[in-house]
Each structure stands twice: as structure tokens, then as C-alpha cells.
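Undergrad: Quick one: structure below, then a few questions.
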Amino acid sequence: MTNSSGTRKVKIFVQGSYANNTNVRTESDVDIAVIQEEVFRTKYRTTGAYVQTDADYRFSVAEKKDKSFKDEILPCLRGKFGSDVERKNKFIKIHGNSYRNDADAVPCMRYRDYTNDFRKDESNYVGGIVIIPDRGDSIINYPEQHIENGRRKNQQTNHFYKKMVRVMKKMRYIMEDCGYEYAKNVSSFLLESLLYNIPNEFYLEYGQYRKVFLFDNIINYVISHKGSYDEYTEANGIKPLCENAVQKSKLEAFL
């Protein structure tokens with residue numbers, strides 16, 4: 001793909017639980033972002049006194065191609081992995097075998113949010129990625145901020161943040177195996193983000209007895225702070241933890 005065109009720029013990196021070191025045995029899939037770098041989608045202010053347009057940044061609309069980025073990736077993967085490759089709605093599945101884990105390659109493009117830029121500065125944006133599924137609306141995520149924030153918080157909490165995330169995720173899978181339906185409705189990502197919002201000092205309490213009491217106290221903390229969930233963000237620090245009332249009710253039911 002890189003050699004087929006002089007303008008093609010592709011960035012590939014591992015995201016998700018493997019990249020964040022929060023995976024547990026039940027999670028075998030490796031999530032891989034495959035980013036089309038030479039094009040991006042923008043978000044501007046569209047109302048008020050400071051409306052933005054492409055002209056403010058001298059951007060031009062990219063030429064529409066016959067094939068989507070996902071269409072280009074698919075034959076490349078099949079050339080390497082053959083019949084192990086399967087197209088899904090949001091990603092391309094590479095089925096594993098005895099020596100290779102399952103992997104999900106996620107085709108996406110860059111996202112730039114300029115709504116807080118008042119200088120018409122091309123570099124002054126909040127960056128993310130846009131996933132364009134075969135069916136349904138586009139999805140905006142911030143995996144690089146998620147990875148960086150998780151590393152920082154883990155260091156600041158003496159590595160107890162990610163330890164507790166893995167415990168919480170394992171508990172969720174055990175509950176699901178035991179038939180608790182509400183455990184299926186809560187994603188591992190949502191639980192990881194919930195624990196991201198717990199203050200760092202909370203992870204550092206209790207000294208040498210921390211391992212004994214910390215998980216129980218985390219459960220008590222998130223239950224007693226349900227009223228604050230609307231103020232919480234995902235682990236990327238950008239998107240709200242609960243984007244709607246349904247998602248919030250699922251999380252509260254699990255806890």
C-alpha cells in the first residue's frame with residue numbers, strides 16, 4: 001500500500017487492551033489501528049461569531065476514490081494471511097492459529113477538532129481517529145491519548161491503576177460466565193475508563209495493606225460516586241464516560 005502511490009501515508013500501531021497492558025486471559029484479540037494519514041476529517045464551530053470553514057486553514061477536499069481505504073487493506077491482508085482474513089463491519093479480522101493470536105485490523109483516518117482554535121492555526125487541534133464502518137455512523141476515538149493517559153496514571157499510582165483494571169475486567173468475565181446478564185452489557189473499556197476517574201491518591205492509601213483492601217475500596221468508591229458519572233471521561237480524557245442515559249444505567253446496574 002505504501003509503495004503503490006507516492007501520496008499514500010499509513011501509520012500502524014497496536015491499541016486496546018494489549019497496548020494499554022490491561023488485557024486478561026479471556027481477551028485474546030489484538031486491536032491494530034491502520035491509519036490513513038494523508039486525509040483527515042475536521043470538526044469546526046458552525047454557529048456564533050467565530051464560525052470556521054476549510055478556507056480558514058487553506059484545506060481542500062480530498063478527491064473521492066473508487067475504493068475505500070478498507071477496500072485497499074483487505075487484499076493486502078489476504079495476500080499475507082489468505083483465508084484467515086474476514087471482513088467485519090468495523091474492522092478486518094485476522095483469525096489466529098497455534099502460533100498467532102486473533103487480530104482486528106481497524107482501518108481509519110485522522111480526525112481534527114478545531115472548535116477550540118481561535119487563531120486559525122492549522123496545528124491547534126485535538127486529534128483522534130475516525131472509523132467508518134460498512135454499516136452505521138462513523139465512530140470517533142482517541143486511542144493515542146488513551147495509551148498516554150493510562151501510562152501516566154499507572155506511574156502516578158505506583159502501578160496499581162492497571163492492576164485494579166485487570167482485576168475488575170476479570171471479575172466481569174467471571175460474572176458473565178456465571179450467568180449475570182448485566183455483566184454482558186458493560187464493556188471492559190468502560191470499566192477501565194471508570195477506574196481512570198478515581199483520584200490517584202486513592203490508589204496510594206493503606207500502605208503495606210493496600211493489596212488487601214484496595215479492590216474493595218475501589219468498588220465502594222465507584223458505587224458511592226454514581227452521582228459524578230456525568231462528569232467523568234473515558235480514559236482518553238476527552239469523550240464523556242457515559243454518552244447517554246442508557247449507557248449510564250448499564251454501568252450502574254453492573255455495580
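Residues in the C-alpha cells are named by chain (A, B, ... in the order shown) and by number from 1 within that chain; ligands are numbered from 1 in the order shown.
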Sorted by chain and rising residue number, list the residues of region 162-204 of chain A at most 10 Å from region 139-150 of chain A (counting only C-alpha atoms), each with its closest atom pair and distance in Å to one decimal, as a tab-separated table.
TA:
```
residue	atom	partner	partner_atom	distance
A:Lys162	CA	A:Gly150	CA	7.9
A:Glu192	CA	A:Gly150	CA	9.4
A:Ser193	CA	A:His146	CA	9.2
A:Tyr196	CA	A:Gly150	CA	7.7
```
Undergrad: Please identify which residues in region 56-206 of chain A DSSP calls alpha helix (DSSP H) from the backbone, and express them as an MDAnalysis selection string.
TA: chainID A and resid 56:57 69:81 143:156 160:177 181:184 188:196 200:203
Undergrad: Quick one: residues within 12 Å of Lys93 (chain A), only C-alpha atoms counted, chain neighbours fewer than 3 positions away excluded, as a ChimeraX atom specification?
TA: /A:29-32,70,73-74,77-78,81-90,96,101-107
Undergrad: Where does DSSP see strand (DSSP E or B) in region 71-243 of chain A, if you list the residues as a PyMOL selection string?
TA: chain A and resi 85-87+92-94+97+100+103-113+126-131+139-141+233+240
Undergrad: For a quick check of understanding, using only C-alpha atoms, which of A:Ala49, A:Val167, A:Met109, A:Ala183 has the smallest distance to Val10 (chain A)?
TA: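 Between A:Ala49, A:Val167, A:Met109, A:Ala183, the residue approaching Val10 (chain A) most closely is A:Met109.
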Undergrad: I'd like the neighbourhood of region 110-115 of chain A as a short mmCIF file (atom, residue, chain, number, x, y, z; two decimals) with all heavy atoms, in the first residue's frame, where a residue qualifies if any of its atoms comes within 7 Å (using only C-alpha atoms), though same-chain residues fewer than 2 positions away should be ignored.
TA:
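Below is the file selection_19.cif, written as the result:
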```
data_model
loop_
_atom_site.label_atom_id
_atom_site.label_comp_id
_atom_site.auth_asym_id
_atom_site.auth_seq_id
_atom_site.Cartn_x
_atom_site.Cartn_y
_atom_site.Cartn_z
N ILE A 35 -4.02 3.54 10.02
CA ILE A 35 -4.49 4.91 9.82
C ILE A 35 -4.02 5.47 8.48
O ILE A 35 -2.84 5.44 8.14
CB ILE A 35 -3.98 5.83 10.94
CG1 ILE A 35 -4.38 5.27 12.32
CG2 ILE A 35 -4.54 7.24 10.77
CD1 ILE A 35 -3.85 6.07 13.48
N GLN A 36 -4.99 5.98 7.73
CA GLN A 36 -4.71 6.71 6.50
C GLN A 36 -4.34 8.14 6.90
O GLN A 36 -5.18 8.92 7.31
CB GLN A 36 -5.94 6.68 5.60
CG GLN A 36 -5.74 7.31 4.24
CD GLN A 36 -7.01 7.24 3.39
OE1 GLN A 36 -8.08 6.91 3.90
NE2 GLN A 36 -6.88 7.56 2.12
N GLU A 37 -3.07 8.48 6.76
CA GLU A 37 -2.56 9.73 7.31
C GLU A 37 -2.74 10.94 6.41
O GLU A 37 -2.75 12.08 6.88
CB GLU A 37 -1.07 9.58 7.66
CG GLU A 37 -0.78 8.64 8.83
CD GLU A 37 -0.95 9.32 10.17
OE1 GLU A 37 -1.51 10.43 10.23
OE2 GLU A 37 -0.52 8.74 11.18
N VAL A 39 -5.21 12.03 4.64
CA VAL A 39 -6.52 12.69 4.66
C VAL A 39 -7.03 12.73 6.09
O VAL A 39 -6.62 11.94 6.93
CB VAL A 39 -7.54 11.96 3.76
CG1 VAL A 39 -7.11 12.00 2.31
CG2 VAL A 39 -7.77 10.54 4.22
N PHE A 40 -7.92 13.68 6.37
CA PHE A 40 -8.46 13.79 7.72
C PHE A 40 -9.84 14.42 7.66
O PHE A 40 -10.19 15.11 6.70
CB PHE A 40 -7.54 14.61 8.64
CG PHE A 40 -7.12 15.94 8.09
CD1 PHE A 40 -7.91 17.06 8.29
CD2 PHE A 40 -5.95 16.07 7.37
CE1 PHE A 40 -7.54 18.30 7.77
CE2 PHE A 40 -5.56 17.29 6.85
CZ PHE A 40 -6.36 18.42 7.06
N ARG A 41 -10.61 14.16 8.70
CA ARG A 41 -11.92 14.78 8.83
C ARG A 41 -11.83 15.87 9.88
O ARG A 41 -11.15 15.70 10.90
CB ARG A 41 -12.97 13.74 9.24
CG ARG A 41 -14.38 14.30 9.35
CD ARG A 41 -15.39 13.20 9.65
NE ARG A 41 -15.51 12.27 8.54
CZ ARG A 41 -16.37 11.26 8.53
NH1 ARG A 41 -17.16 11.04 9.57
NH2 ARG A 41 -16.43 10.46 7.49
N THR A 42 -12.52 16.98 9.65
CA THR A 42 -12.44 18.11 10.57
C THR A 42 -13.76 18.34 11.29
O THR A 42 -14.83 17.96 10.82
CB THR A 42 -12.08 19.40 9.80
OG1 THR A 42 -13.01 19.58 8.74
CG2 THR A 42 -10.66 19.33 9.25
N LYS A 43 -13.64 18.98 12.43
CA LYS A 43 -14.81 19.49 13.15
C LYS A 43 -14.57 20.97 13.42
O LYS A 43 -13.53 21.36 13.95
CB LYS A 43 -15.01 18.74 14.47
CG LYS A 43 -16.23 19.24 15.26
CD LYS A 43 -16.39 18.50 16.58
CE LYS A 43 -17.60 19.02 17.35
NZ LYS A 43 -17.75 18.32 18.66
N TYR A 44 -15.56 21.80 13.04
CA TYR A 44 -15.44 23.24 13.19
C TYR A 44 -16.59 23.80 14.02
O TYR A 44 -17.63 23.15 14.18
CB TYR A 44 -15.49 23.93 11.82
CG TYR A 44 -14.36 23.60 10.88
CD1 TYR A 44 -14.62 23.30 9.54
CD2 TYR A 44 -13.04 23.62 11.31
CE1 TYR A 44 -13.60 23.02 8.65
CE2 TYR A 44 -12.00 23.34 10.42
CZ TYR A 44 -12.29 23.04 9.10
OH TYR A 44 -11.27 22.77 8.23
N ARG A 45 -16.42 25.03 14.50
CA ARG A 45 -17.54 25.78 15.05
C ARG A 45 -18.43 26.22 13.89
O ARG A 45 -17.95 26.82 12.92
CB ARG A 45 -17.06 27.01 15.82
CG ARG A 45 -16.29 26.68 17.11
CD ARG A 45 -15.96 27.98 17.87
NE ARG A 45 -15.22 28.91 17.04
CZ ARG A 45 -13.89 28.88 16.87
NH1 ARG A 45 -13.17 27.97 17.49
NH2 ARG A 45 -13.29 29.77 16.10
N CYS A 108 -8.89 3.33 9.44
CA CYS A 108 -9.42 4.62 9.91
C CYS A 108 -8.64 5.77 9.27
O CYS A 108 -7.62 5.56 8.62
CB CYS A 108 -9.37 4.71 11.43
SG CYS A 108 -7.80 4.21 12.16
N ASP A 117 -9.91 26.36 18.63
CA ASP A 117 -8.87 27.18 18.00
C ASP A 117 -9.47 28.51 17.55
O ASP A 117 -10.43 28.54 16.78
CB ASP A 117 -8.28 26.45 16.79
CG ASP A 117 -7.32 27.34 16.01
OD1 ASP A 117 -6.41 27.91 16.65
OD2 ASP A 117 -7.50 27.48 14.78
N ASN A 124 -3.35 23.65 15.76
CA ASN A 124 -4.03 23.78 17.06
C ASN A 124 -5.36 23.03 17.05
O ASN A 124 -6.42 23.62 16.89
CB ASN A 124 -4.25 25.26 17.38
CG ASN A 124 -4.80 25.46 18.78
OD1 ASN A 124 -4.58 24.64 19.67
ND2 ASN A 124 -5.54 26.54 18.97
N TYR A 125 -5.29 21.72 17.22
CA TYR A 125 -6.49 20.89 17.20
C TYR A 125 -6.35 19.73 18.18
O TYR A 125 -5.24 19.41 18.61
CB TYR A 125 -6.75 20.35 15.79
CG TYR A 125 -5.64 19.47 15.25
CD1 TYR A 125 -5.61 18.09 15.54
CD2 TYR A 125 -4.63 20.00 14.46
CE1 TYR A 125 -4.59 17.29 15.04
CE2 TYR A 125 -3.61 19.20 13.97
CZ TYR A 125 -3.60 17.85 14.26
OH TYR A 125 -2.59 17.06 13.78
N VAL A 126 -7.48 19.13 18.51
CA VAL A 126 -7.48 17.88 19.27
C VAL A 126 -7.58 16.75 18.25
O VAL A 126 -8.53 16.69 17.47
CB VAL A 126 -8.66 17.82 20.25
CG1 VAL A 126 -8.68 16.46 20.97
CG2 VAL A 126 -8.56 18.95 21.27
N GLY A 127 -6.60 15.86 18.23
CA GLY A 127 -6.53 14.84 17.21
C GLY A 127 -7.07 13.50 17.67
O GLY A 127 -6.94 13.13 18.83
N GLY A 128 -7.69 12.79 16.76
CA GLY A 128 -8.19 11.46 17.03
C GLY A 128 -8.22 10.66 15.75
O GLY A 128 -7.50 10.97 14.78
N ILE A 129 -9.04 9.63 15.72
CA ILE A 129 -9.22 8.83 14.52
C ILE A 129 -10.71 8.68 14.23
O ILE A 129 -11.54 8.78 15.14
CB ILE A 129 -8.57 7.43 14.64
CG1 ILE A 129 -9.22 6.61 15.78
CG2 ILE A 129 -7.07 7.54 14.83
CD1 ILE A 129 -8.78 5.16 15.82
N VAL A 130 -11.04 8.45 12.96
CA VAL A 130 -12.42 8.21 12.54
C VAL A 130 -12.50 6.82 11.93
O VAL A 130 -11.75 6.50 10.99
CB VAL A 130 -12.89 9.23 11.49
CG1 VAL A 130 -14.34 8.96 11.10
CG2 VAL A 130 -12.74 10.65 12.01
#
```
Undergrad: Name all residues at most 8 Å from region 156-160 of chain A (count only C-alpha atoms; drop same-chain ones fewer than 5 positions away) and give them as a PyMOL selection string.
TA: chain A and resi 200-201+203-204
Undergrad: Closest to Glu205 (chain A) among A:Glu122, A:Asn217, A:His95, A:Asn185, using only C-alpha atoms?
TA: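 Smallest separation from Glu205 (chain A) among the options: A:Asn217.
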Undergrad: Nearest to Tyr18 (chain A): which of A:Tyr221, A:Phe118, A:Phe69, A:Phe189 is it, counting only C-alpha atoms?
TA: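 Smallest distance to Tyr18 (chain A) is found for A:Phe189.
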Undergrad: Taking only C-alpha atoms into account, which of A:Asn197, A:Ser28, A:Ser17, A:Asn236 comes nearest Arg100 (chain A)?
TA: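 That would be A:Ser28, the residue with the smallest distance to Arg100 (chain A).
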Undergrad: Between A:Gln247, A:Glu38, A:Asp121, A:Lys9, which has the minimum distance to Arg58 (chain A) (counting only C-alpha atoms)?
TA: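 Of A:Gln247, A:Glu38, A:Asp121, A:Lys9, the one nearest Arg58 (chain A), counting only C-alpha atoms, is A:Asp121.
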